[in-house]
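One file, upload-v2.csv, carrying CSV, C-alpha atoms:
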chain,number,residue,atom,x,y,z
A,1,SER,CA,119.4,270.0,3.2
A,2,ARG,CA,116.4,267.8,2.8
A,3,GLU,CA,117.3,265.9,6.0
A,4,THR,CA,117.9,268.9,8.3
A,5,GLY,CA,115.7,271.5,6.6
A,6,LYS,CA,118.5,274.0,6.6
A,7,PRO,CA,118.7,276.2,3.5
A,8,VAL,CA,121.2,275.3,0.8
A,9,TRP,CA,121.8,277.0,-2.5
A,10,GLY,CA,123.8,275.2,-5.1
A,11,THR,CA,125.0,277.3,-8.1
A,12,CYS,CA,126.6,275.7,-11.2
A,13,ALA,CA,128.9,273.0,-9.8
A,14,GLY,CA,126.8,273.0,-6.6
A,15,CYS,CA,123.8,272.2,-8.8
A,16,ILE,CA,125.7,269.2,-10.2
A,17,VAL,CA,126.7,267.9,-6.8
A,18,LEU,CA,123.2,268.2,-5.3
A,19,SER,CA,121.4,266.6,-8.2
A,20,LYS,CA,120.0,263.1,-8.0
A,21,SER,CA,121.9,262.0,-11.1
A,22,LEU,CA,124.1,263.1,-14.0
A,23,VAL,CA,122.9,262.4,-17.5
A,24,GLU,CA,124.0,262.9,-21.1
A,25,PRO,CA,121.9,265.3,-23.3
A,26,ASN,CA,120.0,262.3,-24.7
A,27,GLY,CA,119.0,261.3,-21.1
A,28,THR,CA,121.3,258.3,-20.7
A,29,VAL,CA,123.4,257.9,-17.5
A,30,SER,CA,126.5,260.2,-17.8
A,31,SER,CA,129.8,258.7,-18.7
A,32,GLN,CA,131.3,261.5,-16.7
A,33,LEU,CA,130.4,259.8,-13.4
A,34,LYS,CA,133.7,257.9,-13.5
A,35,SER,CA,135.7,261.2,-13.5
A,36,PHE,CA,133.3,263.2,-11.5
A,37,GLY,CA,132.1,260.7,-8.9
A,38,ARG,CA,128.8,260.3,-7.2
A,39,THR,CA,126.3,263.1,-6.6
A,40,LEU,CA,124.7,263.8,-3.2
A,41,GLY,CA,121.2,263.2,-4.7
A,42,ALA,CA,119.6,265.9,-2.6
A,43,VAL,CA,117.3,267.2,-5.3
A,44,ASP,CA,115.2,265.0,-7.5
A,45,VAL,CA,116.6,266.3,-10.9
A,46,GLU,CA,118.7,264.8,-13.7
A,47,THR,CA,121.5,267.2,-14.7
A,48,ILE,CA,123.7,267.5,-17.7
A,49,ARG,CA,127.3,268.5,-16.7
A,50,ASN,CA,128.9,271.1,-19.0
A,51,ALA,CA,125.6,271.1,-21.1
A,52,PHE,CA,126.7,274.0,-23.3
A,53,GLY,CA,130.2,272.9,-23.9
A,54,ARG,CA,133.6,274.0,-22.6
A,55,GLN,CA,134.6,277.6,-21.7
A,56,LEU,CA,134.0,278.9,-25.2
A,57,GLY,CA,130.4,277.7,-24.9
A,58,SER,CA,129.8,280.0,-22.0
A,59,PHE,CA,127.0,282.5,-22.6
A,60,GLU,CA,124.5,285.0,-21.2
A,61,GLY,CA,120.8,284.1,-21.6
A,62,THR,CA,117.5,285.5,-20.5
A,63,LEU,CA,115.6,283.4,-18.0
A,64,LYS,CA,111.9,282.5,-18.4
A,65,HIS,CA,109.5,281.5,-15.7
A,66,PRO,CA,106.6,279.2,-16.7
A,67,SER,CA,104.0,281.8,-15.6
A,68,GLY,CA,106.1,285.0,-15.8
A,69,ASP,CA,106.9,285.2,-12.0
A,70,GLN,CA,109.5,287.6,-10.8
A,71,PRO,CA,112.4,287.7,-10.1
A,72,TRP,CA,113.0,284.8,-12.5
A,73,ASP,CA,111.3,286.0,-15.7
A,74,GLY,CA,113.6,288.2,-17.8
A,75,HIS,CA,116.5,287.9,-15.4
A,76,LYS,CA,119.9,287.7,-17.1
A,77,GLY,CA,121.7,284.4,-16.4
A,78,ILE,CA,125.5,284.0,-16.9
A,79,PHE,CA,126.3,280.4,-17.8
A,80,ILE,CA,130.0,279.5,-17.5
A,81,ARG,CA,130.7,275.9,-18.4
A,82,ALA,CA,127.3,275.4,-17.0
A,83,PRO,CA,125.2,272.4,-16.3
A,84,ALA,CA,121.6,272.2,-17.3
A,85,ILE,CA,118.8,270.4,-15.5
A,86,LYS,CA,117.4,268.0,-18.1
A,87,LYS,CA,114.5,266.6,-16.2
A,88,VAL,CA,112.6,266.9,-12.9
A,89,VAL,CA,112.1,263.4,-11.4
A,90,GLY,CA,110.4,264.4,-8.1
A,91,ALA,CA,106.8,265.5,-7.7
A,92,ASP,CA,107.7,268.3,-5.2
A,93,VAL,CA,110.4,269.9,-7.3
A,94,LYS,CA,109.3,273.4,-8.5
A,95,VAL,CA,110.8,274.7,-11.7
A,96,LEU,CA,111.6,278.4,-11.3
A,97,ALA,CA,113.3,279.3,-14.6
A,98,THR,CA,114.3,277.9,-18.0
A,99,VAL,CA,116.7,279.1,-20.6
A,100,GLN,CA,116.9,278.6,-24.4
A,101,HIS,CA,120.2,277.7,-26.1
A,102,PRO,CA,120.7,277.1,-29.8
A,103,ARG,CA,122.3,273.7,-29.1
A,104,PHE,CA,119.0,272.4,-27.7
A,105,GLU,CA,115.5,272.3,-29.3
A,106,GLU,CA,113.7,272.7,-26.1
A,107,PRO,CA,114.4,275.2,-23.3
A,108,LEU,CA,116.4,273.7,-20.4
A,109,ILE,CA,115.7,274.1,-16.7
A,110,ALA,CA,118.0,276.7,-15.2
A,111,ALA,CA,116.6,276.9,-11.6
A,112,VAL,CA,114.6,274.7,-9.3
A,113,GLU,CA,113.7,274.4,-5.6
A,114,GLN,CA,112.8,271.4,-3.6
A,115,GLY,CA,112.1,271.8,0.1
A,116,SER,CA,114.9,274.0,1.5
A,117,ILE,CA,117.2,273.6,-1.4
A,118,LEU,CA,117.6,276.1,-4.3
A,119,LEU,CA,119.6,275.1,-7.4
A,120,THR,CA,120.7,277.5,-10.2
A,121,THR,CA,122.8,276.4,-13.2
A,122,PHE,CA,123.9,280.0,-13.8
A,123,HIS,CA,126.0,282.5,-11.7
A,124,PRO,CA,123.7,285.2,-10.3
A,125,GLU,CA,126.7,286.6,-8.3
A,126,LEU,CA,128.2,287.9,-11.6
A,127,THR,CA,125.5,290.5,-12.2
A,128,ASP,CA,124.7,293.7,-10.4
A,129,ASP,CA,121.1,292.5,-10.0
A,130,VAL,CA,120.5,291.0,-6.5
A,131,ALA,CA,117.0,289.8,-7.3
A,132,ILE,CA,117.9,286.1,-7.2
A,133,HIS,CA,119.9,286.6,-3.9
A,134,ARG,CA,116.9,288.5,-2.5
A,135,TYR,CA,114.7,285.6,-3.5
A,136,PHE,CA,116.9,283.1,-1.6
A,137,VAL,CA,117.1,285.3,1.5
A,138,GLU,CA,113.4,286.1,1.7
A,139,ARG,CA,112.2,282.6,0.7
A,140,PHE,CA,114.6,280.4,2.6
A,141,LEU,CA,116.4,282.3,5.3
A,142,ASP,CA,113.3,283.9,6.9
A,143,LEU,CA,115.3,287.1,7.5
A,144,GLY,CA,112.5,289.4,6.3
A,145,LYS,CA,112.6,291.7,3.3
A,146,LEU,CA,115.8,293.1,2.1
A,147,PRO,CA,116.0,296.8,1.5
A,148,LYS,CA,114.9,297.7,-2.1
A,149,LYS,CA,118.2,299.4,-2.8
A,150,ALA,CA,120.4,296.4,-1.6
A,151,ARG,CA,123.3,296.0,-4.0
A,152,LEU,CA,126.2,293.6,-4.2
A,153,SER,CA,129.6,295.4,-3.8

Re-express the file's structure as structure tokens.
Amino acid sequence: SRETGKPVWGTCAGCIVLSKSLVEPNGTVSSQLKSFGRTLGAVDVETIRNAFGRQLGSFEGTLKHPSGDQPWDGHKGIFIRAPAIKKVVGADVKVLATVQHPRFEEPLIAAVEQGSILLTTFHPELTDDVAIHRYFVERFLDLGKLPKKARLS
């Protein structure tokens, strides 16, 4: 967390809970706050809950990194009733990946980090590719490099 410096990774609903605020796609404060409750406000981002619609709106998309950095650029993201990060509102929030969806004109933010917190709006655990997990372990846990052939089983 930002207070303790301990690593935290929020995926999907975890991204919603850790966001500074929930907003509608047009950027206004979300009406879903009444049913969802307050967020923890740990990361300075505004997030759209269920940005792509209900279960039928779930999709797979290709992530893009602003400068093509790996492992983000070209990684497959699985978005299930997923949130989207609408806007970064803190100067020290680093955008790691975006995704394009036909419902939105502009790409939406799919991954950020701020301090010791990583947020992803997609489910990296649902692919065989451990690149995003490797990033978290190597970047935040200081456990050294994972073996190149590491796989999720």

I'd like the neighbourhood of Leu126 in chain A as a PyMOL selection string, where a residue qualifies if any of its atoms comes within 10 Å (using only C-alpha atoms), though same-chain residues fewer than 6 positions away should be ignored. chain A and resi 76-79+152

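Take CA of Asp128 in chain A and CA of Cys12 in chain A: the distance between them is 18.1 Å.
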
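Between Ser67 in chain A and the candidates A:Thr98, A:Gln55, A:Thr120, A:Thr4, the tightest atom-to-atom separation, counting all atoms listed in the file, involves A:Thr98.
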
Residues near range 60-64 of chain A, cut-off 10 Å, only C-alpha atoms, skip fewer than 4 positions along chain, as a PyMOL selection string: chain A and resi 68-80+96-101+107+109-111+122-123

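CA of Gly5 in chain A lies 24.8 Å from CA of Pro83 in chain A.
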
Need the neighbours of (123.5, 272.0, -6.5): which residues are at most 10 Å away, counting all atoms listed in the file, as a ChimeraX atom specification? /A:8-20,39-43,45,47,83,111-112,117-121

To one decimal place in Å, what is the distance between CA of Val88 in chain A and CA of Leu22 in chain A? 12.2 Å

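Distances here use all atoms listed in the file; by that measure, the residue among A:Val29, A:Val93, A:Ile132, A:Ala84 closest to Phe52 in chain A is A:Ala84.
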
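Distance annotation: of A:Ser116, A:Thr127, A:Phe140, A:Leu108, the residue with the minimal separation from Ala51 in chain A is A:Leu108; atom set is all atoms listed in the file.
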
With distances taken over all atoms listed in the file, which residue among A:Arg38, A:Glu125, A:Arg81, A:Pro7 lies nearest Ser58 in chain A? A:Arg81

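Candidate residues A:Pro124, A:Glu105, A:Lys94, A:Ile48 were compared for distance to His65 in chain A, and the nearest is A:Lys94, using only C-alpha atoms.
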
With all heavy atoms as the target, complete range 7-18 of chain A and hand it back as a CSV table (one decimal), in the coordinates of the input.
chain,number,residue,atom,x,y,z
A,7,PRO,N,118.6,275.7,4.9
A,7,PRO,CA,118.7,276.2,3.5
A,7,PRO,C,120.0,275.9,2.8
A,7,PRO,O,121.1,276.1,3.5
A,7,PRO,CB,118.4,277.7,3.6
A,7,PRO,CG,117.9,277.9,5.0
A,7,PRO,CD,118.3,276.8,5.8
A,8,VAL,N,120.0,275.5,1.6
A,8,VAL,CA,121.2,275.3,0.8
A,8,VAL,C,120.9,275.8,-0.6
A,8,VAL,O,119.8,275.7,-1.1
A,8,VAL,CB,121.5,273.7,0.7
A,8,VAL,CG1,122.7,273.5,-0.2
A,8,VAL,CG2,121.7,273.1,2.0
A,9,TRP,N,121.9,276.5,-1.1
A,9,TRP,CA,121.8,277.0,-2.5
A,9,TRP,C,123.0,276.5,-3.3
A,9,TRP,O,124.2,276.8,-3.0
A,9,TRP,CB,121.8,278.5,-2.5
A,9,TRP,CG,121.7,279.2,-3.8
A,9,TRP,CD1,121.6,278.7,-5.1
A,9,TRP,CD2,121.6,280.6,-4.0
A,9,TRP,NE1,121.5,279.6,-6.0
A,9,TRP,CE2,121.5,280.8,-5.4
A,9,TRP,CE3,121.7,281.7,-3.2
A,9,TRP,CZ2,121.4,282.1,-6.0
A,9,TRP,CZ3,121.6,283.0,-3.8
A,9,TRP,CH2,121.5,283.2,-5.1
A,10,GLY,N,122.8,275.7,-4.3
A,10,GLY,CA,123.8,275.2,-5.1
A,10,GLY,C,123.8,275.9,-6.5
A,10,GLY,O,122.8,275.8,-7.2
A,11,THR,N,124.9,276.6,-6.8
A,11,THR,CA,125.0,277.3,-8.1
A,11,THR,C,126.0,276.5,-8.9
A,11,THR,O,127.0,276.1,-8.4
A,11,THR,CB,125.4,278.7,-8.0
A,11,THR,OG1,126.7,278.8,-7.4
A,11,THR,CG2,124.5,279.5,-7.2
A,12,CYS,N,125.7,276.4,-10.2
A,12,CYS,CA,126.6,275.7,-11.2
A,12,CYS,C,127.1,274.4,-10.7
A,12,CYS,O,126.4,273.4,-10.7
A,12,CYS,CB,127.8,276.7,-11.5
A,12,CYS,SG,128.6,276.3,-13.1
A,13,ALA,N,128.4,274.3,-10.3
A,13,ALA,CA,128.9,273.0,-9.8
A,13,ALA,C,128.1,272.5,-8.6
A,13,ALA,O,127.9,271.3,-8.4
A,13,ALA,CB,130.4,273.1,-9.5
A,14,GLY,N,127.6,273.4,-7.8
A,14,GLY,CA,126.8,273.0,-6.6
A,14,GLY,C,125.5,272.3,-7.1
A,14,GLY,O,125.0,271.4,-6.4
A,15,CYS,N,125.0,272.8,-8.2
A,15,CYS,CA,123.8,272.2,-8.8
A,15,CYS,C,124.1,270.7,-9.2
A,15,CYS,O,123.3,269.8,-8.9
A,15,CYS,CB,123.3,273.0,-10.0
A,15,CYS,SG,122.0,272.2,-10.9
A,16,ILE,N,125.3,270.5,-9.8
A,16,ILE,CA,125.7,269.2,-10.2
A,16,ILE,C,125.8,268.3,-9.0
A,16,ILE,O,125.3,267.2,-9.0
A,16,ILE,CB,127.1,269.2,-10.9
A,16,ILE,CG1,126.9,270.0,-12.3
A,16,ILE,CG2,127.6,267.8,-11.2
A,16,ILE,CD1,128.2,270.4,-12.9
A,17,VAL,N,126.5,268.7,-8.0
A,17,VAL,CA,126.7,267.9,-6.8
A,17,VAL,C,125.4,267.5,-6.0
A,17,VAL,O,125.3,266.4,-5.5
A,17,VAL,CB,127.7,268.6,-5.8
A,17,VAL,CG1,127.8,267.9,-4.5
A,17,VAL,CG2,129.1,268.8,-6.4
A,18,LEU,N,124.5,268.5,-6.0
A,18,LEU,CA,123.2,268.2,-5.3
A,18,LEU,C,122.2,267.5,-6.1
A,18,LEU,O,121.2,267.0,-5.5
A,18,LEU,CB,122.7,269.6,-4.8
A,18,LEU,CG,123.5,270.2,-3.7
A,18,LEU,CD1,123.1,271.7,-3.5
A,18,LEU,CD2,123.4,269.5,-2.4
